[in-house]
Amino acid sequence: MRLTLDALTVLDAIDRRGSFAAAADELHRVPSAITYAVQKLEEELGVLLFDRSGHRAQLTEAGRELLREGRHLLHAATELEARVRRVATGYEVELRIAVVDLVPLDRLFPLLDEFYRKSSGTRLKILTEVYGGAWDALASDRADLAIGAPGEGPAGGGYSTRPLGTVSFVFMAAPAHPLASAPEPLAPEEILKHRSVAAADSSRALAPRTAGLLSGQDVFTVPDMHAKIEAQRAGLGVGYVPKHLARAEEDAGLLVVRQVVEPKPDIPLFIAWRTGDQGKALQWFLERLEDPALRARLLV
């Protein structure tokens with residue numbers, strides 16, 4: 001390869017310091033070494049990087065383009081060096097966190113900010129999953145940590161879990177929907193007459209899960225709980241909404257809570273991870289999520 005990080009470092013120093021001599025001083029080299037490095041690079045690339053016709057050498061258009069893109073490479077190389085050193089201390093290069101859509105992402109932001117302030121170097125990747133998709137993300141190695149995985153994990157084990165909390169549901173309809181004014185409690189045969197809105201399980205390999213639907217009921221399927229609530233606001237259907245998300249809808253008059261004969265059971269949510277994973281970033285999150293107050297804030 002004709003282009004080297006050392007050559008880019010020389011160009012960067014010349015541009016920032018304003019002269020070959022100042023760059024040589026910064027890089028602890030003799031000026032002739034800087035001149036040779038530039039001439040060698042120009043010869044190998046077959047282009048002029050500096051215009052030497054004036055009192056002081058100036059970058060040509062080609063030189064400016066090389067330096068502009070080359071600085072990205074220098075930054076990436078510096079980050080890579082630092083990341084490798086941090087990985088050697090036990091921190092993961094990347095931690096992938098699957099968050100079920102019953103947990104609003106903004107409730108996690110203070111925790112994520114706290115982690116970033118540690119400057120561990122671990123990149124965080126957040127995945128939003130629906131229903132059993134959180135388990136699927138662990139099983140298919142798309143995630144290292146699941147927050148809010150519902151019910152039981154997939155067969156075969158290999159996972160460690162910790163309770164996050166329990167989610168209760170209420171049946172909701174838009175104010176103008178026929179079920180909003182129907183006599184309570186609503187019987188299954190009455191609900192069956194109307195379209196239900198369901199959030200699609202995001203599992204890719206595991207069998208998708210469903211809950212709260214009646215056999216034979218017309219179903220409008222949407223990507224996640226947020227879209228489900230929006231669809232119910234629009235009167236496109238009815239269905240169960242987590243109680244901690246329903247409060248704002250009810251207070252704003254966008255949806256109304258209706259009593260039903262057969263309520264949807266509460267669902268336990270879990271924090272889950274693969275048993276053998278021992279990375280420091282994962283362990284940090286697990287330790288912080290032991291805080292009952294923090295867990296409670298995720299579901300209020």
# chains A, B, ... in the order shown; residues from 1 in each chain; ligands from 1

$ select_by_dssp --residues "range 183-272 of chain A" --states "helix (DSSP H, G or I)" --output "VMD selection string"
chain A and resid 188 to 191 225 to 233 243 to 251

$ residues_around --residues "range 53-69 of chain A" --least-positions-apart "5" --cutoff "10 Å" --atoms "only C-alpha atoms" --output "PDB file with all heavy atoms, in the first residue's frame"
ATOM      1  N   LEU A   3      -0.070   4.398   0.510  1.00  0.00           N
ATOM      2  CA  LEU A   3      -0.472   5.376   1.520  1.00  0.00           C
ATOM      3  C   LEU A   3      -0.312   4.763   2.911  1.00  0.00           C
ATOM      4  O   LEU A   3      -0.809   3.669   3.174  1.00  0.00           O
ATOM      5  CB  LEU A   3      -1.930   5.774   1.290  1.00  0.00           C
ATOM      6  CG  LEU A   3      -2.476   6.928   2.122  1.00  0.00           C
ATOM      7  CD1 LEU A   3      -1.694   8.200   1.825  1.00  0.00           C
ATOM      8  CD2 LEU A   3      -3.954   7.132   1.808  1.00  0.00           C
ATOM      9  N   LEU A   8       0.244  10.256   6.364  1.00  0.00           N
ATOM     10  CA  LEU A   8      -0.907  11.103   6.684  1.00  0.00           C
ATOM     11  C   LEU A   8      -0.624  11.955   7.915  1.00  0.00           C
ATOM     12  O   LEU A   8      -1.051  13.107   8.006  1.00  0.00           O
ATOM     13  CB  LEU A   8      -2.148  10.244   6.901  1.00  0.00           C
ATOM     14  CG  LEU A   8      -2.699   9.535   5.658  1.00  0.00           C
ATOM     15  CD1 LEU A   8      -3.833   8.595   6.047  1.00  0.00           C
ATOM     16  CD2 LEU A   8      -3.185  10.550   4.633  1.00  0.00           C
ATOM     17  N   THR A   9       0.087  11.380   8.870  1.00  0.00           N
ATOM     18  CA  THR A   9       0.452  12.130  10.076  1.00  0.00           C
ATOM     19  C   THR A   9       1.345  13.311   9.723  1.00  0.00           C
ATOM     20  O   THR A   9       1.194  14.416  10.276  1.00  0.00           O
ATOM     21  CB  THR A   9       1.173  11.203  11.075  1.00  0.00           C
ATOM     22  OG1 THR A   9       0.309  10.126  11.430  1.00  0.00           O
ATOM     23  CG2 THR A   9       1.585  11.965  12.331  1.00  0.00           C
ATOM     24  N   VAL A  10       2.267  13.099   8.800  1.00  0.00           N
ATOM     25  CA  VAL A  10       3.150  14.176   8.355  1.00  0.00           C
ATOM     26  C   VAL A  10       2.347  15.295   7.682  1.00  0.00           C
ATOM     27  O   VAL A  10       2.516  16.477   7.982  1.00  0.00           O
ATOM     28  CB  VAL A  10       4.230  13.630   7.393  1.00  0.00           C
ATOM     29  CG1 VAL A  10       4.975  14.778   6.715  1.00  0.00           C
ATOM     30  CG2 VAL A  10       5.206  12.734   8.146  1.00  0.00           C
ATOM     31  N   LEU A  11       1.440  14.925   6.762  1.00  0.00           N
ATOM     32  CA  LEU A  11       0.607  15.925   6.089  1.00  0.00           C
ATOM     33  C   LEU A  11      -0.231  16.710   7.092  1.00  0.00           C
ATOM     34  O   LEU A  11      -0.370  17.936   6.997  1.00  0.00           O
ATOM     35  CB  LEU A  11      -0.320  15.243   5.079  1.00  0.00           C
ATOM     36  CG  LEU A  11       0.287  14.746   3.768  1.00  0.00           C
ATOM     37  CD1 LEU A  11      -0.817  14.181   2.884  1.00  0.00           C
ATOM     38  CD2 LEU A  11       1.024  15.852   3.051  1.00  0.00           C
ATOM     39  N   ASP A  12      -0.804  16.001   8.045  1.00  0.00           N
ATOM     40  CA  ASP A  12      -1.647  16.640   9.059  1.00  0.00           C
ATOM     41  C   ASP A  12      -0.834  17.642   9.868  1.00  0.00           C
ATOM     42  O   ASP A  12      -1.291  18.763  10.128  1.00  0.00           O
ATOM     43  CB  ASP A  12      -2.246  15.568   9.975  1.00  0.00           C
ATOM     44  CG  ASP A  12      -3.048  16.165  11.111  1.00  0.00           C
ATOM     45  OD1 ASP A  12      -4.060  16.828  10.840  1.00  0.00           O
ATOM     46  OD2 ASP A  12      -2.637  15.967  12.282  1.00  0.00           O
ATOM     47  N   ILE A  14       1.968  19.217   8.994  1.00  0.00           N
ATOM     48  CA  ILE A  14       2.345  20.366   8.157  1.00  0.00           C
ATOM     49  C   ILE A  14       1.180  21.350   8.057  1.00  0.00           C
ATOM     50  O   ILE A  14       1.356  22.566   8.192  1.00  0.00           O
ATOM     51  CB  ILE A  14       2.769  19.902   6.742  1.00  0.00           C
ATOM     52  CG1 ILE A  14       4.056  19.075   6.822  1.00  0.00           C
ATOM     53  CG2 ILE A  14       2.960  21.098   5.817  1.00  0.00           C
ATOM     54  CD1 ILE A  14       4.416  18.383   5.505  1.00  0.00           C
ATOM     55  N   ASP A  15      -0.016  20.837   7.816  1.00  0.00           N
ATOM     56  CA  ASP A  15      -1.191  21.699   7.655  1.00  0.00           C
ATOM     57  C   ASP A  15      -1.526  22.428   8.959  1.00  0.00           C
ATOM     58  O   ASP A  15      -1.827  23.622   8.950  1.00  0.00           O
ATOM     59  CB  ASP A  15      -2.378  20.867   7.191  1.00  0.00           C
ATOM     60  CG  ASP A  15      -3.610  21.713   6.944  1.00  0.00           C
ATOM     61  OD1 ASP A  15      -3.579  22.536   6.007  1.00  0.00           O
ATOM     62  OD2 ASP A  15      -4.593  21.560   7.701  1.00  0.00           O
ATOM     63  N   GLY A  18       1.640  24.796   9.871  1.00  0.00           N
ATOM     64  CA  GLY A  18       1.867  25.860   8.904  1.00  0.00           C
ATOM     65  C   GLY A  18       3.161  25.794   8.124  1.00  0.00           C
ATOM     66  O   GLY A  18       3.368  26.608   7.216  1.00  0.00           O
ATOM     67  N   SER A  19       4.037  24.854   8.457  1.00  0.00           N
ATOM     68  CA  SER A  19       5.292  24.755   7.704  1.00  0.00           C
ATOM     69  C   SER A  19       5.918  23.386   7.913  1.00  0.00           C
ATOM     70  O   SER A  19       5.587  22.668   8.878  1.00  0.00           O
ATOM     71  CB  SER A  19       6.285  25.839   8.147  1.00  0.00           C
ATOM     72  OG  SER A  19       6.774  25.562   9.455  1.00  0.00           O
ATOM     73  N   PHE A  20       6.841  23.044   7.001  1.00  0.00           N
ATOM     74  CA  PHE A  20       7.556  21.770   7.130  1.00  0.00           C
ATOM     75  C   PHE A  20       8.414  21.765   8.399  1.00  0.00           C
ATOM     76  O   PHE A  20       8.503  20.761   9.107  1.00  0.00           O
ATOM     77  CB  PHE A  20       8.453  21.548   5.906  1.00  0.00           C
ATOM     78  CG  PHE A  20       7.720  21.067   4.677  1.00  0.00           C
ATOM     79  CD1 PHE A  20       6.500  21.617   4.311  1.00  0.00           C
ATOM     80  CD2 PHE A  20       8.252  20.068   3.887  1.00  0.00           C
ATOM     81  CE1 PHE A  20       5.821  21.181   3.178  1.00  0.00           C
ATOM     82  CE2 PHE A  20       7.586  19.615   2.750  1.00  0.00           C
ATOM     83  CZ  PHE A  20       6.366  20.186   2.394  1.00  0.00           C
ATOM     84  N   GLU A  42       4.381  11.766  -2.859  1.00  0.00           N
ATOM     85  CA  GLU A  42       3.989  12.335  -4.159  1.00  0.00           C
ATOM     86  C   GLU A  42       4.431  11.425  -5.302  1.00  0.00           C
ATOM     87  O   GLU A  42       3.671  11.206  -6.263  1.00  0.00           O
ATOM     88  CB  GLU A  42       4.604  13.726  -4.322  1.00  0.00           C
ATOM     89  CG  GLU A  42       3.972  14.785  -3.438  1.00  0.00           C
ATOM     90  CD  GLU A  42       4.614  16.145  -3.602  1.00  0.00           C
ATOM     91  OE1 GLU A  42       5.860  16.193  -3.762  1.00  0.00           O
ATOM     92  OE2 GLU A  42       3.893  17.157  -3.577  1.00  0.00           O
ATOM     93  N   VAL A  47       1.027  12.247  -7.916  1.00  0.00           N
ATOM     94  CA  VAL A  47       0.337  13.539  -7.886  1.00  0.00           C
ATOM     95  C   VAL A  47       1.148  14.522  -7.045  1.00  0.00           C
ATOM     96  O   VAL A  47       1.918  14.112  -6.168  1.00  0.00           O
ATOM     97  CB  VAL A  47      -1.093  13.426  -7.297  1.00  0.00           C
ATOM     98  CG1 VAL A  47      -1.965  12.519  -8.131  1.00  0.00           C
ATOM     99  CG2 VAL A  47      -1.044  12.941  -5.846  1.00  0.00           C
ATOM    100  N   LEU A  48       0.974  15.825  -7.340  1.00  0.00           N
ATOM    101  CA  LEU A  48       1.587  16.850  -6.505  1.00  0.00           C
ATOM    102  C   LEU A  48       0.657  17.170  -5.344  1.00  0.00           C
ATOM    103  O   LEU A  48      -0.525  17.484  -5.550  1.00  0.00           O
ATOM    104  CB  LEU A  48       1.848  18.117  -7.320  1.00  0.00           C
ATOM    105  CG  LEU A  48       3.074  18.114  -8.237  1.00  0.00           C
ATOM    106  CD1 LEU A  48       3.137  19.425  -9.019  1.00  0.00           C
ATOM    107  CD2 LEU A  48       4.347  17.917  -7.421  1.00  0.00           C
ATOM    108  N   LEU A  74      -6.884   8.698  10.270  1.00  0.00           N
ATOM    109  CA  LEU A  74      -6.057   8.909  11.457  1.00  0.00           C
ATOM    110  C   LEU A  74      -6.898   8.836  12.727  1.00  0.00           C
ATOM    111  O   LEU A  74      -6.487   8.233  13.726  1.00  0.00           O
ATOM    112  CB  LEU A  74      -5.355  10.268  11.379  1.00  0.00           C
ATOM    113  CG  LEU A  74      -4.228  10.392  10.351  1.00  0.00           C
ATOM    114  CD1 LEU A  74      -3.738  11.832  10.280  1.00  0.00           C
ATOM    115  CD2 LEU A  74      -3.081   9.447  10.682  1.00  0.00           C
TER     116      LEU A  74
END

$ residues_around --residues "range 198-211 of chain A" --least-positions-apart "4" --cutoff "9 Å" --atoms "only C-alpha atoms" --output "ChimeraX atom specification"
/A:128-137,139-140,154,219-228,238-240,264

$ closest_residue --among "A:Val93, A:Ile34, A:Leu289, A:Val256" --to "Pro178 in chain A" --atoms "only C-alpha atoms"
A:Val256

$ atom_distance --atom1 "CA of Ala22 in chain A" --atom2 "CA of Arg71 in chain A"
18.8 Å

$ residues_around --residues "Gly151 in chain A" --least-positions-apart "4" --cutoff "7 Å" --atoms "only C-alpha atoms" --output "VMD selection string"
chain A and resid 267 to 269

$ write_last_selection --atoms "all heavy atoms" --output "tab-separated table (two decimals), in the first residue's frame"
chain	number	residue	atom	x	y	z
A	267	ILE	N	-48.06	-9.66	33.05
A	267	ILE	CA	-46.91	-10.34	32.43
A	267	ILE	C	-45.63	-9.97	33.18
A	267	ILE	O	-45.33	-8.79	33.34
A	267	ILE	CB	-46.76	-9.96	30.94
A	267	ILE	CG1	-47.94	-10.47	30.12
A	267	ILE	CG2	-45.45	-10.50	30.37
A	267	ILE	CD1	-47.86	-10.13	28.64
A	268	PRO	N	-44.88	-10.97	33.65
A	268	PRO	CA	-43.60	-10.66	34.29
A	268	PRO	C	-42.54	-10.36	33.23
A	268	PRO	O	-42.48	-11.00	32.18
A	268	PRO	CB	-43.26	-11.97	35.03
A	268	PRO	CG	-43.94	-13.03	34.24
A	268	PRO	CD	-45.19	-12.41	33.68
A	269	LEU	N	-41.75	-9.34	33.48
A	269	LEU	CA	-40.66	-8.99	32.59
A	269	LEU	C	-39.33	-9.29	33.28
A	269	LEU	O	-39.21	-9.18	34.50
A	269	LEU	CB	-40.71	-7.50	32.22
A	269	LEU	CG	-41.98	-6.99	31.51
A	269	LEU	CD1	-41.81	-5.52	31.16
A	269	LEU	CD2	-42.29	-7.82	30.28

$ residues_around --residues "Glu44 in chain A" --least-positions-apart "2" --cutoff "12 Å" --atoms "only C-alpha atoms" --output "list of chain:residue names"
A:Met1, A:Arg2, A:Leu3, A:Thr4, A:Ala7, A:Ala37, A:Val38, A:Gln39, A:Lys40, A:Leu41, A:Glu42, A:Gly46, A:Val47, A:Leu48, A:Leu49

$ closest_residue --among "A:Asp106, A:Ser120, A:Phe50, A:Gly237" --to "Ala82 in chain A" --atoms "only C-alpha atoms"
A:Ser120

$ closest_residue --among "A:Tyr159, A:Asp113, A:Glu290, A:Glu81" --to "Gly276 in chain A" --atoms "only C-alpha atoms"
A:Tyr159

$ select_by_dssp --residues "range 73-242 of chain A" --states "strand (DSSP E or B)" --output "PyMOL selection string"
chain A and resi 94-100+123-129+145-150+159-167+169-173+186+196-199+219-222+238-242

$ atom_distance --atom1 "CA of Leu298 in chain A" --atom2 "CA of Gly235 in chain A"
28.0 Å

$ closest_residue --among "A:Arg295, A:Arg16, A:Arg258, A:Arg142" --to "Ala173 in chain A" --atoms "only C-alpha atoms"
A:Arg258

$ closest_residue --among "A:Ser119, A:Thr78, A:Thr89, A:Thr166" --to "Asp266 in chain A" --atoms "only C-alpha atoms"
A:Thr166

$ residues_around --residues "Gly279 in chain A" --least-positions-apart "3" --cutoff "12 Å" --atoms "only C-alpha atoms" --output "PyMOL selection string"
chain A and resi 86-96+120+122+144-145+273-276+282-286

$ atom_distance --atom1 "CA of Ala13 in chain A" --atom2 "CA of Leu45 in chain A"
19.4 Å
